[in-house]
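Coordinates from final-v3.cif are shown below (mmCIF, C-alpha atoms).
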data_structure
loop_
_atom_site.group_PDB
_atom_site.id
_atom_site.type_symbol
_atom_site.label_atom_id
_atom_site.label_comp_id
_atom_site.auth_asym_id
_atom_site.auth_seq_id
_atom_site.Cartn_x
_atom_site.Cartn_y
_atom_site.Cartn_z
ATOM 1 C CA MET E 1 10.705 -57.645 -27.775
ATOM 2 C CA ARG E 2 14.447 -57.382 -27.077
ATOM 3 C CA ALA E 3 16.314 -59.658 -24.702
ATOM 4 C CA GLY E 4 16.459 -56.638 -22.375
ATOM 5 C CA ALA E 5 12.805 -56.999 -21.441
ATOM 6 C CA PHE E 6 11.977 -57.775 -17.812
ATOM 7 C CA LEU E 7 9.360 -60.242 -18.950
ATOM 8 C CA VAL E 8 8.018 -61.269 -22.332
ATOM 9 C CA ALA E 9 4.504 -59.911 -22.041
ATOM 10 C CA THR E 10 1.803 -61.907 -23.780
ATOM 11 C CA LEU E 11 -0.923 -59.522 -22.708
ATOM 12 C CA THR E 12 -2.643 -57.250 -25.224
ATOM 13 C CA THR E 13 -1.036 -53.805 -25.054
ATOM 14 C CA THR E 14 -2.334 -50.295 -25.530
ATOM 15 C CA THR E 15 0.640 -48.491 -27.048
ATOM 16 C CA LEU E 16 1.199 -44.756 -26.803
ATOM 17 C CA CYS E 17 1.497 -43.334 -30.322
ATOM 18 C CA VAL E 18 4.375 -40.913 -30.706
ATOM 19 C CA SER E 19 6.186 -39.340 -33.616
ATOM 20 C CA ALA E 20 8.806 -37.298 -31.755
ATOM 21 C CA ALA E 21 12.274 -38.747 -31.262
ATOM 22 C CA ALA E 22 13.645 -39.239 -27.782
ATOM 23 C CA GLN E 23 15.073 -36.066 -26.321
ATOM 24 C CA THR E 24 18.537 -35.702 -24.823
ATOM 25 C CA GLN E 25 18.567 -36.295 -21.091
ATOM 26 C CA ALA E 26 19.398 -33.238 -18.982
ATOM 27 C CA PHE E 27 20.304 -33.166 -15.310
ATOM 28 C CA THR E 28 19.917 -29.481 -14.494
ATOM 29 C CA PHE E 29 16.789 -28.542 -12.599
ATOM 30 C CA PRO E 30 15.295 -25.081 -13.137
ATOM 31 C CA THR E 31 17.234 -22.363 -11.335
ATOM 32 C CA THR E 32 14.310 -21.684 -9.002
ATOM 33 C CA PHE E 33 14.700 -25.140 -7.459
ATOM 34 C CA GLN E 34 16.301 -25.394 -4.043
ATOM 35 C CA THR E 35 18.104 -28.331 -2.481
ATOM 36 C CA LYS E 36 17.784 -29.370 1.138
ATOM 37 C CA ASP E 37 19.322 -32.101 3.256
ATOM 38 C CA ILE E 38 16.488 -33.217 5.529
ATOM 39 C CA PRO E 39 17.075 -35.399 8.621
ATOM 40 C CA ALA E 40 14.520 -38.201 8.505
ATOM 41 C CA ASN E 41 14.176 -41.680 9.955
ATOM 42 C CA ARG E 42 17.737 -41.890 11.315
ATOM 43 C CA THR E 43 19.362 -40.725 8.078
ATOM 44 C CA THR E 44 19.528 -37.584 5.940
ATOM 45 C CA ILE E 45 17.750 -37.321 2.607
ATOM 46 C CA HIS E 46 18.900 -34.963 -0.142
ATOM 47 C CA VAL E 47 15.871 -33.316 -1.756
ATOM 48 C CA ARG E 48 15.265 -31.011 -4.734
ATOM 49 C CA ILE E 49 12.241 -28.734 -4.297
ATOM 50 C CA GLY E 50 10.643 -26.257 -6.678
ATOM 51 C CA GLY E 51 7.432 -24.869 -8.121
ATOM 52 C CA SER E 52 4.154 -24.185 -6.380
ATOM 53 C CA GLY E 53 0.770 -25.823 -6.079
ATOM 54 C CA PRO E 54 -0.251 -29.372 -5.139
ATOM 55 C CA ALA E 55 2.736 -31.530 -4.236
ATOM 56 C CA VAL E 56 4.173 -34.269 -6.423
ATOM 57 C CA VAL E 57 6.929 -36.622 -5.214
ATOM 58 C CA LEU E 58 9.345 -38.170 -7.728
ATOM 59 C CA LEU E 59 11.187 -41.341 -6.643
ATOM 60 C CA HIS E 60 14.112 -42.567 -8.752
ATOM 61 C CA GLY E 61 15.465 -46.076 -9.186
ATOM 62 C CA TYR E 62 18.714 -48.005 -9.408
ATOM 63 C CA GLY E 63 21.136 -46.765 -12.046
ATOM 64 C CA ASP E 64 19.802 -43.230 -11.626
ATOM 65 C CA THR E 65 19.527 -40.574 -8.922
ATOM 66 C CA GLY E 66 16.850 -37.933 -8.434
ATOM 67 C CA ASP E 67 18.543 -36.082 -11.308
ATOM 68 C CA MET E 68 16.659 -38.353 -13.736
ATOM 69 C CA TRP E 69 13.527 -36.298 -13.124
ATOM 70 C CA ALA E 70 14.848 -32.932 -14.378
ATOM 71 C CA PRO E 71 12.697 -32.836 -17.568
ATOM 72 C CA LEU E 72 9.548 -33.886 -15.693
ATOM 73 C CA ALA E 73 10.269 -31.445 -12.854
ATOM 74 C CA ALA E 74 10.631 -28.562 -15.309
ATOM 75 C CA GLU E 75 7.190 -29.370 -16.730
ATOM 76 C CA LEU E 76 5.326 -30.043 -13.486
ATOM 77 C CA MET E 77 6.721 -27.075 -11.538
ATOM 78 C CA ARG E 78 4.389 -24.800 -13.522
ATOM 79 C CA ASP E 79 1.485 -25.877 -11.330
ATOM 80 C CA HIS E 80 2.917 -28.295 -8.757
ATOM 81 C CA THR E 81 5.346 -28.232 -5.887
ATOM 82 C CA VAL E 82 7.894 -30.798 -7.081
ATOM 83 C CA ILE E 83 9.799 -32.839 -4.489
ATOM 84 C CA ALA E 84 12.567 -35.082 -5.852
ATOM 85 C CA PRO E 85 14.658 -36.882 -3.200
ATOM 86 C CA ASP E 86 17.628 -39.157 -3.579
ATOM 87 C CA LEU E 87 16.681 -42.474 -1.994
ATOM 88 C CA ARG E 88 18.280 -43.627 1.246
ATOM 89 C CA GLY E 89 22.030 -44.073 0.864
ATOM 90 C CA MET E 90 22.014 -43.069 -2.806
ATOM 91 C CA GLY E 91 22.960 -39.974 -4.788
ATOM 92 C CA LEU E 92 23.659 -37.106 -2.390
ATOM 93 C CA SER E 93 21.681 -38.526 0.527
ATOM 94 C CA ALA E 94 23.714 -39.579 3.564
ATOM 95 C CA VAL E 95 25.637 -42.829 3.436
ATOM 96 C CA ALA E 96 23.461 -45.560 4.947
ATOM 97 C CA THR E 97 24.099 -49.206 5.720
ATOM 98 C CA GLU E 98 20.626 -50.335 6.821
ATOM 99 C CA GLY E 99 16.937 -49.560 6.491
ATOM 100 C CA PHE E 100 16.494 -50.511 2.833
ATOM 101 C CA THR E 101 13.134 -52.249 3.043
ATOM 102 C CA LYS E 102 10.742 -50.308 0.875
ATOM 103 C CA LYS E 103 8.351 -50.007 3.819
ATOM 104 C CA ASN E 104 11.075 -48.201 5.765
ATOM 105 C CA GLU E 105 12.070 -46.045 2.793
ATOM 106 C CA ALA E 106 8.424 -45.052 2.440
ATOM 107 C CA GLU E 107 8.732 -43.650 5.956
ATOM 108 C CA ASP E 108 11.785 -41.677 4.809
ATOM 109 C CA VAL E 109 9.486 -40.070 2.241
ATOM 110 C CA ALA E 110 6.681 -39.477 4.757
ATOM 111 C CA LEU E 111 9.047 -37.722 7.147
ATOM 112 C CA VAL E 112 10.515 -35.593 4.352
ATOM 113 C CA LEU E 113 6.990 -34.479 3.503
ATOM 114 C CA ASP E 114 6.321 -33.743 7.168
ATOM 115 C CA ALA E 115 9.459 -31.597 7.324
ATOM 116 C CA LEU E 116 8.256 -29.662 4.282
ATOM 117 C CA GLY E 117 4.755 -29.220 5.674
ATOM 118 C CA VAL E 118 3.190 -31.334 2.914
ATOM 119 C CA ARG E 119 0.164 -33.411 3.853
ATOM 120 C CA GLN E 120 -0.797 -35.014 0.511
ATOM 121 C CA ALA E 121 0.968 -35.601 -2.778
ATOM 122 C CA ASP E 122 0.839 -37.327 -6.116
ATOM 123 C CA VAL E 123 3.556 -40.005 -5.977
ATOM 124 C CA ILE E 124 5.561 -41.108 -9.019
ATOM 125 C CA GLY E 125 8.143 -43.887 -8.988
ATOM 126 C CA HIS E 126 10.446 -45.701 -11.373
ATOM 127 C CA ASP E 127 12.344 -48.961 -10.778
ATOM 128 C CA ILE E 128 13.265 -49.173 -7.044
ATOM 129 C CA GLY E 129 11.414 -45.878 -6.613
ATOM 130 C CA ASN E 130 8.376 -47.695 -7.990
ATOM 131 C CA MET E 131 8.561 -50.102 -5.061
ATOM 132 C CA VAL E 132 8.996 -47.276 -2.536
ATOM 133 C CA ALA E 133 6.059 -45.433 -4.110
ATOM 134 C CA PHE E 134 3.897 -48.548 -3.759
ATOM 135 C CA ALA E 135 4.883 -48.968 -0.103
ATOM 136 C CA PHE E 136 4.122 -45.306 0.554
ATOM 137 C CA ALA E 137 0.687 -45.547 -1.051
ATOM 138 C CA GLU E 138 -0.091 -48.689 0.940
ATOM 139 C CA ALA E 139 1.099 -47.246 4.256
ATOM 140 C CA HIS E 140 -0.314 -43.758 3.649
ATOM 141 C CA PRO E 141 -3.307 -44.010 1.310
ATOM 142 C CA ASP E 142 -4.774 -40.858 2.845
ATOM 143 C CA ARG E 143 -1.654 -38.938 1.798
ATOM 144 C CA THR E 144 -1.460 -40.317 -1.769
ATOM 145 C CA THR E 145 -3.755 -38.515 -4.205
ATOM 146 C CA ARG E 146 -2.555 -40.317 -7.360
ATOM 147 C CA LEU E 147 0.077 -42.979 -7.952
ATOM 148 C CA VAL E 148 2.227 -43.435 -11.055
ATOM 149 C CA MET E 149 4.126 -46.738 -11.303
ATOM 150 C CA MET E 150 6.827 -46.908 -13.981
ATOM 151 C CA ASP E 151 8.211 -50.169 -15.363
ATOM 152 C CA ALA E 152 9.298 -52.348 -12.472
ATOM 153 C CA PRO E 153 7.726 -55.331 -10.724
ATOM 154 C CA VAL E 154 6.543 -55.024 -7.133
ATOM 155 C CA PRO E 155 7.922 -57.592 -4.685
ATOM 156 C CA GLY E 156 5.237 -60.068 -3.677
ATOM 157 C CA VAL E 157 2.500 -58.580 -5.872
ATOM 158 C CA GLY E 158 0.900 -60.376 -8.808
ATOM 159 C CA PRO E 159 3.273 -62.495 -10.942
ATOM 160 C CA TRP E 160 6.336 -61.728 -8.795
ATOM 161 C CA ASP E 161 7.362 -65.380 -8.465
ATOM 162 C CA GLU E 162 7.173 -65.887 -12.229
ATOM 163 C CA ILE E 163 9.117 -62.691 -12.915
ATOM 164 C CA LEU E 164 11.894 -63.898 -10.617
ATOM 165 C CA LYS E 165 12.504 -66.837 -12.964
ATOM 166 C CA SER E 166 13.813 -64.535 -15.704
ATOM 167 C CA PRO E 167 17.583 -65.080 -16.133
ATOM 168 C CA LEU E 168 17.890 -61.353 -16.840
ATOM 169 C CA LEU E 169 17.209 -60.646 -13.171
ATOM 170 C CA TRP E 170 20.274 -62.413 -11.758
ATOM 171 C CA HIS E 171 21.273 -59.106 -10.142
ATOM 172 C CA PHE E 172 18.413 -59.455 -7.636
ATOM 173 C CA ARG E 173 20.595 -62.025 -5.803
ATOM 174 C CA PHE E 174 23.957 -60.436 -6.593
ATOM 175 C CA GLY E 175 25.283 -58.808 -3.450
ATOM 176 C CA GLY E 176 27.424 -59.102 -0.381
ATOM 177 C CA PRO E 177 31.031 -58.131 0.400
ATOM 178 C CA ASP E 178 32.657 -60.256 -2.302
ATOM 179 C CA MET E 179 30.365 -58.924 -5.025
ATOM 180 C CA GLU E 180 31.038 -55.379 -3.870
ATOM 181 C CA ARG E 181 34.769 -56.041 -4.130
ATOM 182 C CA LEU E 182 34.314 -57.356 -7.661
ATOM 183 C CA VAL E 183 32.484 -54.191 -8.718
ATOM 184 C CA ALA E 184 34.686 -51.675 -6.853
ATOM 185 C CA GLY E 185 36.511 -49.559 -9.423
ATOM 186 C CA ARG E 186 34.441 -51.176 -12.193
ATOM 187 C CA GLU E 187 31.144 -49.397 -11.487
ATOM 188 C CA ARG E 188 30.758 -48.252 -15.091
ATOM 189 C CA ILE E 189 31.127 -51.821 -16.383
ATOM 190 C CA TYR E 190 28.492 -53.104 -13.959
ATOM 191 C CA LEU E 191 26.053 -50.265 -14.606
ATOM 192 C CA ASP E 192 26.478 -50.464 -18.390
ATOM 193 C CA ARG E 193 24.968 -53.935 -18.179
ATOM 194 C CA PHE E 194 21.716 -52.418 -16.861
ATOM 195 C CA TRP E 195 21.675 -49.444 -19.217
ATOM 196 C CA ASN E 196 22.342 -51.688 -22.229
ATOM 197 C CA GLU E 197 20.281 -54.811 -21.563
ATOM 198 C CA PHE E 198 17.168 -53.047 -20.292
ATOM 199 C CA ALA E 199 16.988 -50.455 -23.076
ATOM 200 C CA ALA E 200 15.182 -50.732 -26.401
ATOM 201 C CA ASP E 201 18.195 -48.959 -27.913
ATOM 202 C CA PRO E 202 21.233 -48.547 -25.631
ATOM 203 C CA ALA E 203 22.230 -45.418 -27.561
ATOM 204 C CA HIS E 204 19.252 -43.622 -26.011
ATOM 205 C CA PHE E 205 20.933 -43.870 -22.610
ATOM 206 C CA SER E 206 23.620 -41.360 -23.519
ATOM 207 C CA ASP E 207 27.271 -41.575 -22.627
ATOM 208 C CA SER E 208 26.977 -38.273 -20.762
ATOM 209 C CA ALA E 209 24.234 -39.800 -18.602
ATOM 210 C CA ARG E 210 26.383 -42.869 -17.959
ATOM 211 C CA VAL E 211 29.345 -40.740 -16.898
ATOM 212 C CA HIS E 212 27.075 -38.609 -14.698
ATOM 213 C CA TYR E 213 25.524 -41.518 -12.799
ATOM 214 C CA THR E 214 28.704 -43.592 -12.597
ATOM 215 C CA ALA E 215 30.364 -40.740 -10.706
ATOM 216 C CA PHE E 216 27.643 -40.948 -8.041
ATOM 217 C CA TYR E 217 27.689 -44.743 -7.749
ATOM 218 C CA ALA E 218 31.477 -44.793 -7.471
ATOM 219 C CA ARG E 219 31.351 -42.660 -4.321
ATOM 220 C CA PRO E 220 32.020 -44.459 -1.014
ATOM 221 C CA GLY E 221 29.044 -46.466 0.221
ATOM 222 C CA ARG E 222 26.824 -45.848 -2.790
ATOM 223 C CA MET E 223 27.181 -49.180 -4.541
ATOM 224 C CA HIS E 224 26.636 -50.880 -1.182
ATOM 225 C CA ALA E 225 23.337 -48.997 -0.846
ATOM 226 C CA GLY E 226 22.362 -50.140 -4.321
ATOM 227 C CA PHE E 227 23.054 -53.783 -3.513
ATOM 228 C CA MET E 228 21.071 -53.444 -0.283
ATOM 229 C CA GLN E 229 18.024 -52.200 -2.178
ATOM 230 C CA PHE E 230 17.852 -55.629 -3.840
ATOM 231 C CA ALA E 231 18.864 -57.583 -0.737
ATOM 232 C CA ALA E 232 15.739 -56.238 0.998
ATOM 233 C CA PHE E 233 13.366 -57.840 -1.522
ATOM 234 C CA ASP E 234 12.602 -60.896 0.622
ATOM 235 C CA GLN E 235 11.303 -58.668 3.419
ATOM 236 C CA ASP E 236 9.568 -56.436 0.873
ATOM 237 C CA VAL E 237 7.592 -59.481 -0.297
ATOM 238 C CA ILE E 238 6.398 -60.137 3.258
ATOM 239 C CA ASP E 239 5.533 -56.482 3.829
ATOM 240 C CA ASN E 240 3.701 -56.039 0.524
ATOM 241 C CA ARG E 241 1.623 -59.179 0.897
ATOM 242 C CA ALA E 242 0.563 -57.962 4.331
ATOM 243 C CA PHE E 243 -0.301 -54.559 2.842
ATOM 244 C CA VAL E 244 -2.450 -56.066 0.081
ATOM 245 C CA ALA E 245 -4.187 -58.420 2.497
ATOM 246 C CA ARG E 246 -5.449 -55.398 4.460
ATOM 247 C CA GLY E 247 -7.189 -53.855 1.470
ATOM 248 C CA ARG E 248 -6.836 -52.621 -2.089
ATOM 249 C CA LEU E 249 -5.586 -49.205 -3.153
ATOM 250 C CA GLN E 250 -8.377 -46.848 -4.117
ATOM 251 C CA MET E 251 -6.514 -43.839 -5.549
ATOM 252 C CA PRO E 252 -6.115 -43.568 -9.345
ATOM 253 C CA VAL E 253 -3.039 -45.468 -10.535
ATOM 254 C CA LEU E 254 -1.235 -44.954 -13.840
ATOM 255 C CA ALA E 255 0.848 -48.031 -14.718
ATOM 256 C CA ILE E 256 3.425 -47.233 -17.416
ATOM 257 C CA GLY E 257 5.586 -49.797 -19.165
ATOM 258 C CA GLY E 258 8.036 -49.536 -22.024
ATOM 259 C CA ASP E 259 6.986 -51.592 -25.047
ATOM 260 C CA HIS E 260 10.416 -53.313 -25.007
ATOM 261 C CA SER E 261 10.228 -53.964 -21.263
ATOM 262 C CA LEU E 262 7.287 -54.653 -18.928
ATOM 263 C CA GLY E 263 4.753 -53.161 -21.301
ATOM 264 C CA ALA E 264 1.170 -53.968 -20.264
ATOM 265 C CA THR E 265 2.451 -56.255 -17.516
ATOM 266 C CA MET E 266 2.940 -53.161 -15.331
ATOM 267 C CA ALA E 267 -0.811 -52.610 -15.265
ATOM 268 C CA HIS E 268 -1.430 -56.350 -14.870
ATOM 269 C CA ILE E 269 0.702 -56.314 -11.721
ATOM 270 C CA MET E 270 -1.063 -53.300 -10.256
ATOM 271 C CA ARG E 271 -4.527 -54.800 -10.773
ATOM 272 C CA PHE E 272 -3.646 -57.337 -8.072
ATOM 273 C CA ALA E 273 -3.456 -54.471 -5.566
ATOM 274 C CA ALA E 274 -5.510 -51.521 -6.851
ATOM 275 C CA ASP E 275 -9.030 -50.935 -8.161
ATOM 276 C CA ASP E 276 -8.538 -47.877 -10.417
ATOM 277 C CA VAL E 277 -5.647 -48.820 -12.705
ATOM 278 C CA HIS E 278 -4.964 -47.043 -15.999
ATOM 279 C CA GLN E 279 -2.662 -48.820 -18.443
ATOM 280 C CA LEU E 280 -0.179 -47.107 -20.722
ATOM 281 C CA VAL E 281 2.638 -48.498 -22.869
ATOM 282 C CA ILE E 282 5.292 -46.140 -24.222
ATOM 283 C CA ALA E 283 6.410 -46.959 -27.761
ATOM 284 C CA GLY E 284 10.094 -47.232 -28.576
ATOM 285 C CA SER E 285 11.222 -47.594 -24.982
ATOM 286 C CA GLY E 286 12.742 -50.192 -22.764
ATOM 287 C CA HIS E 287 12.976 -49.836 -19.008
ATOM 288 C CA TRP E 288 14.601 -46.371 -19.022
ATOM 289 C CA LEU E 289 11.513 -44.357 -19.873
ATOM 290 C CA MET E 290 12.862 -40.944 -18.881
ATOM 291 C CA GLU E 291 16.106 -41.473 -20.771
ATOM 292 C CA GLU E 292 14.730 -43.260 -23.841
ATOM 293 C CA GLN E 293 11.423 -41.470 -24.397
ATOM 294 C CA PRO E 294 11.296 -38.432 -22.084
ATOM 295 C CA GLY E 295 8.875 -36.432 -24.226
ATOM 296 C CA PRO E 296 6.058 -38.994 -24.381
ATOM 297 C CA THR E 297 6.654 -40.048 -20.778
ATOM 298 C CA VAL E 298 6.431 -36.491 -19.456
ATOM 299 C CA ALA E 299 3.333 -35.811 -21.567
ATOM 300 C CA ALA E 300 1.603 -38.973 -20.324
ATOM 301 C CA ILE E 301 2.255 -38.149 -16.670
ATOM 302 C CA ARG E 302 1.164 -34.530 -17.160
ATOM 303 C CA THR E 303 -2.096 -35.665 -18.749
ATOM 304 C CA PHE E 304 -2.784 -38.159 -15.975
ATOM 305 C CA LEU E 305 -2.173 -35.628 -13.204
ATOM 306 C CA GLN E 306 -4.446 -33.126 -14.938
ATOM 307 C CA THR E 307 -7.294 -35.407 -15.985
ATOM 308 C CA GLY E 308 -6.931 -38.715 -14.139
ATOM 309 C CA GLU E 309 -6.742 -40.455 -17.529
ATOM 310 C CA PRO E 310 -3.665 -41.526 -19.532
ATOM 311 C CA ALA E 311 -2.871 -39.940 -22.873
ATOM 312 C CA ARG E 312 -3.908 -42.292 -25.668
ATOM 313 C CA CYS E 313 -1.990 -40.880 -28.609
ATOM 314 C CA LEU E 314 0.490 -38.015 -28.787
ATOM 315 C CA LYS E 315 1.502 -36.415 -32.074
#
As structure tokens, what does this structure read like?
Amino acid sequence: MRAGAFLVATLTTTTLCVSAAAQTQAFTFPTTFQTKDIPANRTTIHVRIGGSGPAVVLLHGYGDTGDMWAPLAAELMRDHTVIAPDLRGMGLSAVATEGFTKKNEAEDVALVLDALGVRQADVIGHDIGNMVAFAFAEAHPDRTTRLVMMDAPVPGVGPWDEILKSPLLWHFRFGGPDMERLVAGRERIYLDRFWNEFAADPAHFSDSARVHYTAFYARPGRMHAGFMQFAAFDQDVIDNRAFVARGRLQMPVLAIGGDHSLGATMAHIMRFAADDVHQLVIAGSGHWLMEEQPGPTVAAIRTFLQTGEPARCLK
């Protein structure tokens, strides 16, 4: 396992077999998709919407925007209504300076769904979006039909305290006005650290993707929002431990880890909070599953949403 792993997993892994090479990341959603700016929870959330059928919500993480989901959205729109927001303060959502606890961001999502007339949805998250997805499922279990958690720890759940000891996660405590000044004008340098160190092969996070996302994070207020996502972790720990103490999640959960990143530890974490956890490890991937191995990742999620079981081996 590369030094870019979140945690050196010693658990036995079930690895997804794949023979296809990673595909090139695209950012263009199908032309039938619409975009809306939806007032919600004292901010405005930029949302991509397309397809028809049962709803699925896609929640991006740090270093990405909702654009990361374009390949998955193109697949799922065939039989789902796909809803892909930019998180609070990020991407094309309104500039925000507060409200970055994942419990509060889960309410952003709930109110977006209300505005769209959506009662229930499958919820899929990656990285920070993973944490928002978890908070949404905990706060609104009756609205969450299935939950997909992709390669990021959950504050306060399972081995969180041990994960925090990893020197690779120094950015969890990197924030504040002075740090923002250090990064201002150097966003690409700062973000390259994430895209390089948390990838199995940094070349799979293409230069075009880096240019695309850097342009968003260099916009006024966007790097501040990113720092605030991490600054909220202490409160997220309190909120999540209170959630778990009230009862375990009962919806089916697919826990996906890259074999060069969290791997099987993603499922290990979720078993502290949920009863129906399905484990899947994507071969040849670090943290950036949609950029490094989009084909196998999309296929695994499609299979889970159709059958409630993860794909075991894709040829």
| message | Residues within 12 Å of Gly117 (chain E), please, as a list in words. Count all atoms listed in the file; anything in the same chain fewer than 4 positions from it doesn't count. | response |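 Contacts, in chain order: Pro54, Ala55, Thr81, Ile83, Ala110, Leu111, Val112, Leu113 and Ala121 of chain E.
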| request: For each of E:Ala225, E:Val277, E:Ile49, E:Leu254, take the minimum atom-to-atom distance to Phe304 (chain E), counting only C-alpha atoms, then give the residue where this is smallest. | output: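 Of the candidates, the smallest distance to Phe304 (chain E) is held by E:Leu254.
Once the PyMOL selection byres ((chain E and resi 211-215) around 8) is applied to the depicted file, the selected set reads Gly63, Asp64, Thr65, Glu187, Arg188, Leu191, Asp207, Ser208, Ala209, Arg210, Phe216, Tyr217, Ala218 and Arg219 of chain E.
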| message | Applying 9 Å and only C-alpha atoms, which residues near region 32-39 of chain E remain after dropping the ones on its own chain fewer than 2 positions away? List them as a PyMOL selection string. | response | chain E and resi 29-30+41-51+82+92-94+111-112+115
Given the PyMOL selection byres ((chain E and resi 128) around 10) and the file above, list the residues it selects as a PDB file with C-alpha atoms, keeping the file's coordinate frame.
ATOM      1  CA  LEU E  59      11.187 -41.341  -6.643  1.00  0.00           C
ATOM      2  CA  HIS E  60      14.112 -42.567  -8.752  1.00  0.00           C
ATOM      3  CA  GLY E  61      15.465 -46.076  -9.186  1.00  0.00           C
ATOM      4  CA  TYR E  62      18.714 -48.005  -9.408  1.00  0.00           C
ATOM      5  CA  GLY E  63      21.136 -46.765 -12.046  1.00  0.00           C
ATOM      6  CA  ASP E  64      19.802 -43.230 -11.626  1.00  0.00           C
ATOM      7  CA  LEU E  87      16.681 -42.474  -1.994  1.00  0.00           C
ATOM      8  CA  LYS E 102      10.742 -50.308   0.875  1.00  0.00           C
ATOM      9  CA  GLY E 125       8.143 -43.887  -8.988  1.00  0.00           C
ATOM     10  CA  HIS E 126      10.446 -45.701 -11.373  1.00  0.00           C
ATOM     11  CA  ASP E 127      12.344 -48.961 -10.778  1.00  0.00           C
ATOM     12  CA  GLY E 129      11.414 -45.878  -6.613  1.00  0.00           C
ATOM     13  CA  ASN E 130       8.376 -47.695  -7.990  1.00  0.00           C
ATOM     14  CA  MET E 131       8.561 -50.102  -5.061  1.00  0.00           C
ATOM     15  CA  VAL E 132       8.996 -47.276  -2.536  1.00  0.00           C
ATOM     16  CA  ALA E 133       6.059 -45.433  -4.110  1.00  0.00           C
ATOM     17  CA  PHE E 134       3.897 -48.548  -3.759  1.00  0.00           C
ATOM     18  CA  MET E 150       6.827 -46.908 -13.981  1.00  0.00           C
ATOM     19  CA  ASP E 151       8.211 -50.169 -15.363  1.00  0.00           C
ATOM     20  CA  ALA E 152       9.298 -52.348 -12.472  1.00  0.00           C
ATOM     21  CA  PRO E 153       7.726 -55.331 -10.724  1.00  0.00           C
ATOM     22  CA  VAL E 154       6.543 -55.024  -7.133  1.00  0.00           C
ATOM     23  CA  GLY E 226      22.362 -50.140  -4.321  1.00  0.00           C
ATOM     24  CA  GLN E 229      18.024 -52.200  -2.178  1.00  0.00           C
ATOM     25  CA  PHE E 230      17.852 -55.629  -3.840  1.00  0.00           C
TER      26      PHE E 230
END
| request: Identify the residues around (18.8, -46.9, 6.5) within a radius of 8 Å, measuring from all atoms listed in the file in the coordinates stated by the file, and give them as an NGL selection string. | output: :E and (41-43 or 88-89 or 96-100 or 104-105)
| request: Select, from E:Asp239, E:Asp234, E:Glu292, E:Glu309, the residue with the minimum atom-to-atom distance to Ala199 (chain E), counting only C-alpha atoms. | output: E:Glu292
| query | Could you spell out the hits of the PyMOL selection byres ((chain E and resi 172-174) around 12) on the shown file, as a ChimeraX atom specification? | reply | /E:62,128,153,155,163-171,175-183,190,223-224,226-234
Can you write out the residues you just picked, keeping C-alpha atoms, as a tab-separated table (two decimals), in the coordinates of the input?
chain	number	residue	atom	x	y	z
E	62	TYR	CA	18.71	-48.00	-9.41
E	128	ILE	CA	13.26	-49.17	-7.04
E	153	PRO	CA	7.73	-55.33	-10.72
E	155	PRO	CA	7.92	-57.59	-4.68
E	163	ILE	CA	9.12	-62.69	-12.92
E	164	LEU	CA	11.89	-63.90	-10.62
E	165	LYS	CA	12.50	-66.84	-12.96
E	166	SER	CA	13.81	-64.54	-15.70
E	167	PRO	CA	17.58	-65.08	-16.13
E	168	LEU	CA	17.89	-61.35	-16.84
E	169	LEU	CA	17.21	-60.65	-13.17
E	170	TRP	CA	20.27	-62.41	-11.76
E	171	HIS	CA	21.27	-59.11	-10.14
E	175	GLY	CA	25.28	-58.81	-3.45
E	176	GLY	CA	27.42	-59.10	-0.38
E	177	PRO	CA	31.03	-58.13	0.40
E	178	ASP	CA	32.66	-60.26	-2.30
E	179	MET	CA	30.36	-58.92	-5.03
E	180	GLU	CA	31.04	-55.38	-3.87
E	181	ARG	CA	34.77	-56.04	-4.13
E	182	LEU	CA	34.31	-57.36	-7.66
E	183	VAL	CA	32.48	-54.19	-8.72
E	190	TYR	CA	28.49	-53.10	-13.96
E	223	MET	CA	27.18	-49.18	-4.54
E	224	HIS	CA	26.64	-50.88	-1.18
E	226	GLY	CA	22.36	-50.14	-4.32
E	227	PHE	CA	23.05	-53.78	-3.51
E	228	MET	CA	21.07	-53.44	-0.28
E	229	GLN	CA	18.02	-52.20	-2.18
E	230	PHE	CA	17.85	-55.63	-3.84
E	231	ALA	CA	18.86	-57.58	-0.74
E	232	ALA	CA	15.74	-56.24	1.00
E	233	PHE	CA	13.37	-57.84	-1.52
E	234	ASP	CA	12.60	-60.90	0.62
| task | Name the closest residue to Gly263 (chain E) among the candidates E:Ile282, E:Val157, E:Val244, E:Ala203; distances are taken between atoms, counting only C-alpha atoms. | result |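 Comparing E:Ile282, E:Val157, E:Val244, E:Ala203 against Gly263 (chain E), the winner is E:Ile282.
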Find the smallest box with edges along x, y and z containing every listed atom of region 48-64 of chain E, then add 5 Å on each side and report centre and edge lengths in Å to one decimal, as lines of an AutoDock Vina configuration file.
center_x = 10.4
center_y = -36.1
center_z = -8.1
size_x = 31.4
size_y = 33.8
size_z = 17.8
| field | Among the residues E:Val253, E:Ile124, E:Met270, E:Val237, the one that comes closest to Thr297 (chain E) [using all atoms listed in the file] | value | E:Ile124
| task | Compare E:Asn240, E:Gln293, E:Thr145, E:Thr28 by their minimum atom-to-atom distance to Pro252 (chain E), counting all atoms listed in the file, and give me the closest one. | result |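 Counting all atoms listed in the file, the residue closest to Pro252 (chain E) is E:Thr145.
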| query | Which is closest to Ala139 (chain E) among E:Phe243, E:Trp160, E:Phe205, E:Trp69, if we use only C-alpha atoms? | reply |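 Going through E:Phe243, E:Trp160, E:Phe205, E:Trp69 one by one, the smallest distance to Ala139 (chain E) is for E:Phe243.
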| request: Considering only C-alpha atoms, return as a ChimeraX atom specification whatever protein or nucleic-acid residues lie within 10 Å of Ile301 (chain E), sequence-local ones (same chain, fewer than 5 positions apart) excluded. | output: /E:72,76,124,148,254,256,296,306-311
| task | Rounded to one decimal place, report the CA of Asp122 (chain E)-CA of His260 (chain E) distance in Å. | result | 26.5 Å
